[in-house]
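Novice: Contents are PDB, C-alpha atoms and all ligand atoms; file name upload.pdb:
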```pdb
ATOM      1  CA  MET A  25     100.620  84.594  24.243
ATOM      2  CA  LYS A  26     103.662  86.223  25.841
ATOM      3  CA  GLY A  27     103.233  89.055  28.322
ATOM      4  CA  LYS A  28      99.893  90.502  29.311
ATOM      5  CA  LEU A  29      96.980  89.834  27.015
ATOM      6  CA  ARG A  30      95.653  93.147  25.710
ATOM      7  CA  ILE A  31      91.864  93.060  25.638
ATOM      8  CA  GLY A  32      89.323  95.357  24.054
ATOM      9  CA  PHE A  33      85.551  95.129  24.493
ATOM     10  CA  TYR A  34      83.629  97.335  22.096
ATOM     11  CA  ALA A  35      79.909  98.061  21.795
ATOM     12  CA  LEU A  36      78.006  98.764  18.599
ATOM     13  CA  THR A  37      74.201  98.942  18.433
ATOM     14  CA  SER A  38      73.205  96.793  21.371
ATOM     15  CA  CYS A  39      71.522  96.756  24.758
ATOM     16  CA  TYR A  40      74.963  96.426  26.442
ATOM     17  CA  GLY A  41      73.662  93.219  27.996
ATOM     18  CA  CYS A  42      76.564  91.095  26.790
ATOM     19  CA  GLN A  43      79.299  93.210  28.308
ATOM     20  CA  LEU A  44      77.264  93.830  31.453
ATOM     21  CA  GLN A  45      76.921  90.076  31.874
ATOM     22  CA  PHE A  46      80.708  89.633  31.670
ATOM     23  CA  ALA A  47      81.711  92.786  33.555
ATOM     24  CA  MET A  48      79.796  91.493  36.588
ATOM     25  CA  MET A  49      81.706  88.211  36.772
ATOM     26  CA  ASP A  50      83.917  87.745  39.833
ATOM     27  CA  GLU A  51      86.416  85.913  37.626
ATOM     28  CA  ILE A  52      87.219  89.163  35.794
ATOM     29  CA  VAL A  53      89.168  90.273  38.880
ATOM     30  CA  GLN A  54      91.356  87.173  38.616
ATOM     31  CA  LEU A  55      92.135  88.135  35.054
ATOM     32  CA  ILE A  56      93.757  91.417  35.970
ATOM     33  CA  PRO A  57      97.323  90.087  36.658
ATOM     34  CA  ASN A  58      97.378  88.442  33.200
ATOM     35  CA  ALA A  59      95.580  91.003  31.093
ATOM     36  CA  GLU A  60      95.554  94.660  30.219
ATOM     37  CA  ILE A  61      92.124  96.163  29.600
ATOM     38  CA  VAL A  62      92.840  98.544  26.738
ATOM     39  CA  CYS A  63      89.216  99.359  26.043
ATOM     40  CA  TRP A  64      86.125  98.355  28.007
ATOM     41  CA  TYR A  65      84.149 101.422  29.074
ATOM     42  CA  MET A  66      82.124  99.475  31.605
ATOM     43  CA  LEU A  67      85.308  98.436  33.454
ATOM     44  CA  GLU A  68      87.956 101.019  32.604
ATOM     45  CA  ARG A  69      87.439 104.773  32.441
ATOM     46  CA  ASP A  70      90.703 105.225  30.501
ATOM     47  CA  SER A  71      89.577 103.217  27.489
ATOM     48  CA  TYR A  72      90.988 103.686  23.984
ATOM     49  CA  GLU A  73      89.107 102.408  20.947
ATOM     50  CA  GLU A  74      92.026 103.161  18.601
ATOM     51  CA  LYS A  75      94.793 101.224  20.398
ATOM     52  CA  PRO A  76      96.089  97.793  19.258
ATOM     53  CA  VAL A  77      94.836  94.750  21.180
ATOM     54  CA  ASP A  78      95.424  91.014  21.118
ATOM     55  CA  ILE A  79      91.727  90.188  21.365
ATOM     56  CA  ALA A  80      88.825  92.401  20.400
ATOM     57  CA  PHE A  81      85.403  91.367  21.682
ATOM     58  CA  ILE A  82      82.615  93.123  19.785
ATOM     59  CA  GLU A  83      78.964  93.220  20.879
ATOM     60  CA  GLY A  84      76.113  94.700  18.877
ATOM     61  CA  SER A  85      75.093  94.916  15.252
ATOM     62  CA  VAL A  86      76.590  97.322  12.747
ATOM     63  CA  SER A  87      73.823  99.885  12.309
ATOM     64  CA  THR A  88      75.447 103.257  11.492
ATOM     65  CA  GLU A  89      78.231 104.582   9.242
ATOM     66  CA  GLU A  90      80.258 105.363  12.376
ATOM     67  CA  GLU A  91      80.035 101.728  13.394
ATOM     68  CA  VAL A  92      81.229 100.591   9.970
ATOM     69  CA  ARG A  93      84.342 102.744  10.464
ATOM     70  CA  LEU A  94      84.777 101.524  14.037
ATOM     71  CA  VAL A  95      84.638  97.794  13.211
ATOM     72  CA  ARG A  96      87.127  98.267  10.385
ATOM     73  CA  LYS A  97      89.471 100.111  12.750
ATOM     74  CA  ILE A  98      89.046  97.399  15.396
ATOM     75  CA  ARG A  99      89.910  94.726  12.809
ATOM     76  CA  GLU A 100      93.050  96.622  11.762
ATOM     77  CA  ASN A 101      94.163  96.875  15.383
ATOM     78  CA  ALA A 102      93.325  93.371  16.645
ATOM     79  CA  LYS A 103      95.021  89.997  16.288
ATOM     80  CA  ILE A 104      91.816  88.105  17.081
ATOM     81  CA  VAL A 105      88.272  89.418  16.636
ATOM     82  CA  VAL A 106      85.454  87.734  18.555
ATOM     83  CA  ALA A 107      81.803  88.534  17.775
ATOM     84  CA  VAL A 108      79.888  88.384  21.046
ATOM     85  CA  GLY A 109      76.170  87.696  21.280
ATOM     86  CA  SER A 110      73.288  87.385  18.898
ATOM     87  CA  CYS A 111      73.487  91.058  17.769
ATOM     88  CA  ALA A 112      77.122  90.802  16.673
ATOM     89  CA  VAL A 113      76.913  87.245  15.316
ATOM     90  CA  HIS A 114      73.538  87.311  13.537
ATOM     91  CA  GLY A 115      72.373  90.937  13.611
ATOM     92  CA  GLY A 116      70.123  90.372  16.656
ATOM     93  CA  VAL A 117      66.458  91.173  17.169
ATOM     94  CA  GLN A 118      66.983  94.559  15.502
ATOM     95  CA  SER A 119      67.374  92.631  12.218
ATOM     96  CA  TRP A 120      64.074  90.815  12.608
ATOM     97  CA  GLU A 121      62.336  92.991  10.010
ATOM     98  CA  LYS A 122      65.408  93.270   7.817
ATOM     99  CA  ASP A 123      63.400  93.095   4.597
ATOM    100  CA  LYS A 124      61.569  96.358   5.352
ATOM    101  CA  PRO A 125      63.184  99.718   4.431
ATOM    102  CA  VAL A 126      65.166 101.166   7.329
ATOM    103  CA  GLU A 127      63.293 104.496   6.966
ATOM    104  CA  GLU A 128      59.974 102.739   7.626
ATOM    105  CA  LEU A 129      61.369 100.990  10.716
ATOM    106  CA  TRP A 130      62.923 104.210  11.981
ATOM    107  CA  LYS A 131      59.651 106.113  11.650
ATOM    108  CA  ALA A 132      57.681 103.379  13.406
ATOM    109  CA  VAL A 133      59.960 103.629  16.452
ATOM    110  CA  TYR A 134      61.113 107.274  16.562
ATOM    111  CA  GLY A 135      58.503 109.150  14.530
ATOM    112  CA  ASN A 136      59.925 112.423  13.196
ATOM    113  CA  ALA A 137      62.814 112.679  15.675
ATOM    114  CA  THR A 138      66.066 113.939  14.143
ATOM    115  CA  VAL A 139      69.444 112.389  14.937
ATOM    116  CA  LYS A 140      73.087 113.219  14.286
ATOM    117  CA  PHE A 141      73.957 109.880  12.687
ATOM    118  CA  ARG A 142      72.706 108.033   9.631
ATOM    119  CA  PRO A 143      71.006 104.777  10.556
ATOM    120  CA  LYS A 144      71.672 101.716   8.376
ATOM    121  CA  PRO A 145      69.930  98.337   8.342
ATOM    122  CA  ALA A 146      71.333  96.363  11.289
ATOM    123  CA  LYS A 147      73.818  93.710  10.159
ATOM    124  CA  PRO A 148      76.170  91.179  11.745
ATOM    125  CA  VAL A 149      79.778  92.248  12.297
ATOM    126  CA  GLU A 150      80.902  89.546   9.868
ATOM    127  CA  ASP A 151      79.161  91.370   7.011
ATOM    128  CA  TYR A 152      81.885  94.035   7.261
ATOM    129  CA  ILE A 153      85.022  92.386   8.666
ATOM    130  CA  LYS A 154      86.561  88.954   9.166
ATOM    131  CA  VAL A 155      85.500  87.418  12.484
ATOM    132  CA  ASP A 156      87.735  84.749  14.023
ATOM    133  CA  TYR A 157      85.460  83.317  16.702
ATOM    134  CA  ARG A 158      81.837  83.661  17.817
ATOM    135  CA  ILE A 159      80.215  83.572  21.245
ATOM    136  CA  TYR A 160      76.505  82.858  20.837
ATOM    137  CA  GLY A 161      73.373  83.825  22.752
ATOM    138  CA  CYS A 162      71.313  86.770  23.940
ATOM    139  CA  PRO A 163      72.995  87.303  26.263
ATOM    140  CA  PRO A 164      75.747  84.690  25.929
ATOM    141  CA  GLU A 165      76.607  82.402  28.804
ATOM    142  CA  LYS A 166      79.318  83.603  31.190
ATOM    143  CA  LYS A 167      81.030  80.221  30.908
ATOM    144  CA  ASP A 168      81.379  80.659  27.122
ATOM    145  CA  PHE A 169      83.181  83.966  27.598
ATOM    146  CA  LEU A 170      85.445  82.524  30.299
ATOM    147  CA  TYR A 171      86.181  79.463  28.184
ATOM    148  CA  ALA A 172      87.145  81.549  25.142
ATOM    149  CA  LEU A 173      89.189  84.011  27.157
ATOM    150  CA  GLY A 174      90.942  81.302  29.195
ATOM    151  CA  THR A 175      91.754  79.324  26.056
ATOM    152  CA  PHE A 176      93.225  82.385  24.348
ATOM    153  CA  LEU A 177      95.208  83.157  27.508
ATOM    154  CA  VAL A 178      97.002  79.806  27.335
ATOM    155  CA  GLY A 179      97.702  80.299  23.639
ATOM    156  CA  SER A 180      95.153  77.771  22.390
ATOM    157  CA  TRP A 181      91.914  78.001  20.379
ATOM    158  CA  PRO A 182      88.378  77.434  21.752
ATOM    159  CA  GLU A 183      86.134  74.813  20.156
ATOM    160  CA  ASP A 184      82.687  75.446  18.738
ATOM    161  CA  ILE A 185      79.510  73.614  19.808
ATOM    162  CA  ASP A 186      77.951  71.650  16.955
ATOM    163  CA  TYR A 187      74.977  69.931  18.575
ATOM    164  CA  PRO A 188      71.485  71.253  19.344
ATOM    165  CA  VAL A 189      69.743  72.440  22.523
ATOM    166  CA  CYS A 190      67.721  69.188  22.510
ATOM    167  CA  VAL A 191      70.832  67.257  23.572
ATOM    168  CA  GLU A 192      71.170  69.304  26.770
ATOM    169  CA  CYS A 193      67.404  69.253  27.275
ATOM    170  CA  ARG A 194      67.264  65.442  27.148
ATOM    171  CA  LEU A 195      70.325  65.120  29.390
ATOM    172  CA  ASN A 196      68.564  67.341  31.941
ATOM    173  CA  GLY A 197      65.398  65.250  31.697
ATOM    174  CA  HIS A 198      63.093  68.203  30.949
ATOM    175  CA  PRO A 199      59.674  67.294  29.528
ATOM    176  CA  CYS A 200      59.653  67.926  25.762
ATOM    177  CA  ILE A 201      57.479  70.946  25.039
ATOM    178  CA  LEU A 202      57.392  70.157  21.326
ATOM    179  CA  ILE A 203      56.203  66.582  21.738
ATOM    180  CA  GLU A 204      54.014  66.913  24.813
ATOM    181  CA  LYS A 205      52.416  70.325  24.200
ATOM    182  CA  GLY A 206      52.922  70.800  20.462
ATOM    183  CA  GLU A 207      54.630  74.172  21.015
ATOM    184  CA  PRO A 208      57.091  75.370  18.354
ATOM    185  CA  CYS A 209      60.295  74.749  20.309
ATOM    186  CA  LEU A 210      63.363  75.535  18.198
ATOM    187  CA  GLY A 211      65.709  73.439  20.335
ATOM    188  CA  PRO A 212      66.278  70.857  17.584
ATOM    189  CA  ILE A 213      67.799  73.404  15.206
ATOM    190  CA  THR A 214      69.457  75.758  17.721
ATOM    191  CA  ARG A 215      73.069  75.601  18.873
ATOM    192  CA  ALA A 216      73.420  74.192  22.389
ATOM    193  CA  GLY A 217      75.386  75.735  25.247
ATOM    194  CA  CYS A 218      72.661  77.311  27.404
ATOM    195  CA  ASP A 219      71.920  74.024  29.198
ATOM    196  CA  ALA A 220      68.428  74.163  27.660
ATOM    197  CA  ARG A 221      67.517  77.084  29.891
ATOM    198  CA  CYS A 222      64.084  77.916  28.447
ATOM    199  CA  PRO A 223      62.684  74.365  28.220
ATOM    200  CA  GLY A 224      63.946  73.972  31.802
ATOM    201  CA  PHE A 225      61.398  76.658  32.745
ATOM    202  CA  GLY A 226      58.694  75.130  30.564
ATOM    203  CA  VAL A 227      59.190  77.726  27.816
ATOM    204  CA  ALA A 228      59.845  76.865  24.159
ATOM    205  CA  CYS A 229      63.287  77.797  22.774
ATOM    206  CA  ILE A 230      63.189  80.751  20.363
ATOM    207  CA  GLY A 231      66.663  80.175  18.971
ATOM    208  CA  CYS A 232      68.692  82.956  20.596
ATOM    209  CA  ARG A 233      71.972  81.033  20.172
ATOM    210  CA  GLY A 234      71.493  80.748  16.433
ATOM    211  CA  ALA A 235      71.051  77.871  14.053
ATOM    212  CA  ILE A 236      73.338  74.848  14.087
ATOM    213  CA  GLY A 237      74.772  73.555  10.826
ATOM    214  CA  TYR A 238      71.938  72.671   8.484
ATOM    215  CA  ASP A 239      73.210  69.281   7.383
ATOM    216  CA  VAL A 240      72.127  67.179  10.330
ATOM    217  CA  ALA A 241      70.912  63.622  10.416
ATOM    218  CA  TRP A 242      67.703  63.997  12.372
ATOM    219  CA  PHE A 243      65.973  66.400   9.987
ATOM    220  CA  ASP A 244      63.500  63.871   8.663
ATOM    221  CA  SER A 245      62.205  62.877  12.111
ATOM    222  CA  LEU A 246      62.203  66.522  13.156
ATOM    223  CA  ALA A 247      60.180  67.543  10.107
ATOM    224  CA  ARG A 248      57.719  64.773  10.798
ATOM    225  CA  THR A 249      57.298  65.927  14.393
ATOM    226  CA  PHE A 250      56.810  69.568  13.321
ATOM    227  CA  LYS A 251      54.232  68.433  10.809
ATOM    228  CA  GLU A 252      52.422  66.093  13.217
ATOM    229  CA  LYS A 253      52.089  68.998  15.638
ATOM    230  CA  GLY A 254      50.608  71.184  12.915
ATOM    231  CA  LEU A 255      53.573  73.570  12.661
ATOM    232  CA  THR A 256      54.196  75.056   9.251
ATOM    233  CA  LYS A 257      57.435  75.886   7.480
ATOM    234  CA  GLU A 258      56.536  79.583   7.625
ATOM    235  CA  GLU A 259      55.890  79.403  11.361
ATOM    236  CA  ILE A 260      59.272  77.811  12.067
ATOM    237  CA  LEU A 261      61.052  80.212   9.725
ATOM    238  CA  GLN A 262      59.417  83.329  11.205
ATOM    239  CA  ARG A 263      60.242  82.199  14.721
ATOM    240  CA  MET A 264      63.815  81.367  13.811
ATOM    241  CA  LYS A 265      64.240  84.784  12.185
ATOM    242  CA  ILE A 266      63.725  86.585  15.508
ATOM    243  CA  PHE A 267      67.419  86.109  16.248
ATOM    244  CA  ASN A 268      68.740  84.703  12.966
ATOM    245  CA  ALA A 269      67.399  86.989  10.268
ATOM    246  CA  HIS A 270      70.775  87.284   8.498
ATOM    247  CA  ASN A 271      71.780  83.648   8.798
ATOM    248  CA  PRO A 272      72.525  82.776   5.152
ATOM    249  CA  LYS A 273      71.722  79.081   5.656
ATOM    250  CA  LEU A 274      68.453  79.497   7.540
ATOM    251  CA  GLU A 275      65.935  79.259   4.707
ATOM    252  CA  GLU A 276      67.861  76.409   3.101
ATOM    253  CA  MET A 277      67.902  74.584   6.426
ATOM    254  CA  VAL A 278      64.180  74.973   7.133
ATOM    255  CA  GLU A 279      63.359  74.111   3.509
ATOM    256  CA  LYS A 280      65.420  70.968   3.853
ATOM    257  CA  ILE A 281      63.686  69.942   7.061
ATOM    258  CA  PHE A 282      60.294  70.121   5.407
ATOM    259  CA  ARG A 283      61.490  68.543   2.150
ATOM    260  CA  GLU A 284      62.490  65.471   4.109
ATOM    261  CA  VAL A 285      58.904  64.763   5.188
ATOM    262  CA  LYS A 286      57.661  61.552   3.635
ATOM    263  CA  GLU A 287      53.991  62.031   2.749
TER
HETATM  264  S1  LIG B   1      73.048  89.864  22.119
HETATM  265 FE1  LIG B   1      71.311  90.299  23.470
HETATM  266  S2  LIG B   1      72.266  90.833  25.433
HETATM  267 FE2  LIG B   1      73.854  91.030  23.855
HETATM  268  S3  LIG B   1      73.793  93.181  23.225
HETATM  269 FE3  LIG B   1      72.468  92.028  21.828
HETATM  270  S4  LIG B   1      70.396  92.228  22.713
HETATM  271 FE4  LIG B   1      71.871  92.754  24.322
HETATM  272  S1  LIG B   2      61.613  70.783  24.703
HETATM  273 FE1  LIG B   2      62.592  71.673  22.890
HETATM  274  S2  LIG B   2      64.773  71.540  23.335
HETATM  275 FE2  LIG B   2      63.749  70.127  24.735
HETATM  276  S3  LIG B   2      63.814  68.146  23.670
HETATM  277 FE3  LIG B   2      61.855  69.124  23.192
HETATM  278  S4  LIG B   2      62.219  70.180  21.241
HETATM  279 FE4  LIG B   2      64.226  69.725  22.147
HETATM  280  S1  LIG B   3      66.734  77.607  25.191
HETATM  281 FE1  LIG B   3      66.889  78.639  23.216
HETATM  282  S2  LIG B   3      66.098  80.714  23.541
HETATM  283 FE2  LIG B   3      66.510  79.801  25.566
HETATM  284  S3  LIG B   3      68.587  80.476  26.108
HETATM  285 FE3  LIG B   3      68.780  78.482  25.078
HETATM  286  S4  LIG B   3      69.080  78.929  22.889
HETATM  287 FE4  LIG B   3      68.312  80.806  23.886
END
```
Represent the structure of the file as structure tokens.

Specialist:
Amino acid sequence: MKGKLRIGFYALTSCYGCQLQFAMMDEIVQLIPNAEIVCWYMLERDSYEEKPVDIAFIEGSVSTEEEVRLVRKIRENAKIVVAVGSCAVHGGVQSWEKDKPVEELWKAVYGNATVKFRPKPAKPVEDYIKVDYRIYGCPPEKKDFLYALGTFLVGSWPEDIDYPVCVECRLNGHPCILIEKGEPCLGPITRAGCDARCPGFGVACIGCRGAIGYDVAWFDSLARTFKEKGLTKEEILQRMKIFNAHNPKLEEMVEKIFREVKE
């Protein structure tokens, strides 16, 4: 891109963890000669949500009417829109109970409190506008943000990761929690890129980076392992829904895994 890259970072319903993660990076300072921060409240007091940008990074799920208007405005004003983090890409943990009425969820959390805005069921940004690229995770890895930003800066396009957490886990030589302890690790069906962080600490993956493509070759052996360890389809699906409730391929993928089991 010619001239300074105009960047916007916008927050919808979120914990602000994604932008905090990136705002704290030392490398952001090196970006300043090549970029203009048009909107990023955590970094720039004079931020403008309505101004045109080259790249709009959006964190958070769309959960109010105001946010519907904001994402549409961001799309109008941006050349490239990047959904950042599990909330923006898949609706996040706030979508976990997406099949329950929003009024019931609201009451469970806030009781009879009144608010100025109308809450909506939390949804991914892509349910409302076209998204050009996704940065996965809760929060995403700093390196993924730097890679995307750096690639855009040189006028190129970042690649997506299409292999599962297990690949990084095996490369790191971590003991397999699924095989050795029978715990429901979701590494086999979750997009890699975190360097298998949780299994590295002896904790089963809960799928925060989202599901990989569902048409993968190792489903039959995976299904067999799940079954041998006594894990059910419902258990895997419920666990995967923590971060992936809106993933349109999720049920099909888990169904397929279990269909492949040879009795
Ligand atoms: S993806 Fe995770 S870290 Fe980012 S805003 Fe959502 S809850 Fe926070
Ligand atoms: S611990 Fe989890 S991520 Fe690691 S190899 Fe086993 S199933 Fe895959
Ligand atoms: S191991 Fe799984 S839950 Fe942990 S950071 Fe990686 S994708 Fe997220």

Novice: Could you list, as an MDAnalysis selection string, every residue matched by the PyMOL selection byres (((chain A and resi 32) around 12) and not hetatm) in this structure?

Specialist: chainID A and resid 29:31 33:35 43 59:68 70:83 98:99 101:107 173

Novice: Mind giving me the straight-line distance from atom CA of A:Phe169 to atom CA of A:Gly217 in Å, one decimal?

Specialist: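 The value is 11.6 Å.
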
Novice: For each of A:Val178, A:Cys200, A:Met48, A:Ala146, take the minimum atom-to-atom distance to A:Gly27, counting only C-alpha atoms, then give the residue where this is smallest.

Specialist: A:Val178

Novice: Go through chain A and flag each residue having an atom no more than 9 Å from ligand LIG 3 (chain B); for those, report the closest pair of atoms plus their distance in Å to one decimal, using only C-alpha atoms and all ligand atoms, ordered by chain and rising number, as a tab-separated table.

Specialist:
```
residue	atom	partner	partner_atom	distance
A:Tyr160	CA	B:LIG3	S4	8.6
A:Gly161	CA	B:LIG3	FE4	6.0
A:Cys162	CA	B:LIG3	FE4	6.7
A:Pro163	CA	B:LIG3	S3	8.1
A:Pro164	CA	B:LIG3	S3	8.3
A:Glu165	CA	B:LIG3	S3	8.7
A:Pro188	CA	B:LIG3	S4	8.8
A:Val189	CA	B:LIG3	S4	6.5
A:Cys190	CA	B:LIG3	S1	8.9
A:Cys193	CA	B:LIG3	S1	8.6
A:Cys209	CA	B:LIG3	FE1	8.2
A:Leu210	CA	B:LIG3	FE1	6.9
A:Gly211	CA	B:LIG3	FE1	6.1
A:Thr214	CA	B:LIG3	S4	6.1
A:Arg215	CA	B:LIG3	S4	6.6
A:Ala216	CA	B:LIG3	S4	6.4
A:Gly217	CA	B:LIG3	FE3	7.2
A:Cys218	CA	B:LIG3	FE3	4.7
A:Asp219	CA	B:LIG3	FE3	6.8
A:Ala220	CA	B:LIG3	S1	4.6
A:Arg221	CA	B:LIG3	S1	4.8
A:Cys222	CA	B:LIG3	S1	4.2
A:Pro223	CA	B:LIG3	S1	6.0
A:Gly224	CA	B:LIG3	S1	8.0
A:Val227	CA	B:LIG3	FE2	7.9
A:Ala228	CA	B:LIG3	S1	7.0
A:Cys229	CA	B:LIG3	FE1	3.7
A:Ile230	CA	B:LIG3	S2	4.3
A:Gly231	CA	B:LIG3	FE1	4.5
A:Cys232	CA	B:LIG3	FE4	3.9
A:Arg233	CA	B:LIG3	S4	4.5
A:Gly234	CA	B:LIG3	S4	7.1
```

Novice: Which residues match the PyMOL selection byres (((chain A and resi 253) around 10) and not hetatm) in the file above, as a list in words?

Specialist: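 Taken over the shown coordinates, the PyMOL selection byres (((chain A and resi 253) around 10) and not hetatm) returns Leu202, Ile203, Glu204, Lys205, Gly206, Glu207, Pro208, Ala247, Arg248, Thr249, Phe250, Lys251, Glu252, Gly254, Leu255 and Thr256 of chain A.
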
Novice: How many Å separate atom FE2 of ligand LIG 1 (chain B) from atom CA of A:Phe267?

Specialist: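 About the pair atom FE2 of ligand LIG 1 (chain B) and atom CA of A:Phe267: they are 11.1 Å apart.
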
Novice: List all protein, DNA and RNA residues that have any atom at most 7 Å from ligand LIG 1 (chain B), counting only C-alpha atoms and all ligand atoms, and write the list as a PyMOL selection string.

Specialist: chain A and resi 38-42+83-84+109-112+116-117+161-164

Novice: Between atom CA of A:Lys257 and atom CA of A:Val278, measure the distance and give it in Å to one decimal.

Specialist: 6.8 Å

Novice: Would you place a box with edges along x, y and z of the file around all atoms of stretch 140-147 of chain A listed there, add 3 Å to each of its six sides, and report the centre and edge lengths in Å to one decimal, as JSON?

Specialist:
```
{"center_x": 71.9, "center_y": 103.5, "center_z": 11.3, "size_x": 10.0, "size_y": 25.5, "size_z": 11.9}
```

Novice: Applying 7 Å and only C-alpha atoms, which residues near A:Pro148 remain after dropping the ones on its own chain fewer than 6 positions away? List them as a list in words.

Specialist: Ser85, Val86, Cys111, Ala112, Val113, His114 and Gly115 of chain A

Novice: So which one's closest to A:Leu246, A:Ile260, A:Ile201, A:Ile266, A:Ile281? Using only C-alpha atoms, please.

Specialist: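 When distances to A:Leu246 are compared using only C-alpha atoms, the smallest one comes from A:Ile281.
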
Novice: Choose the residue, out of A:Gly174, A:Pro199, A:Pro212, A:Pro145, that has the smallest atom-to-atom separation from A:Tyr187; count only C-alpha atoms.

Specialist: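 Of the candidates, the smallest distance to A:Tyr187 is held by A:Pro212.
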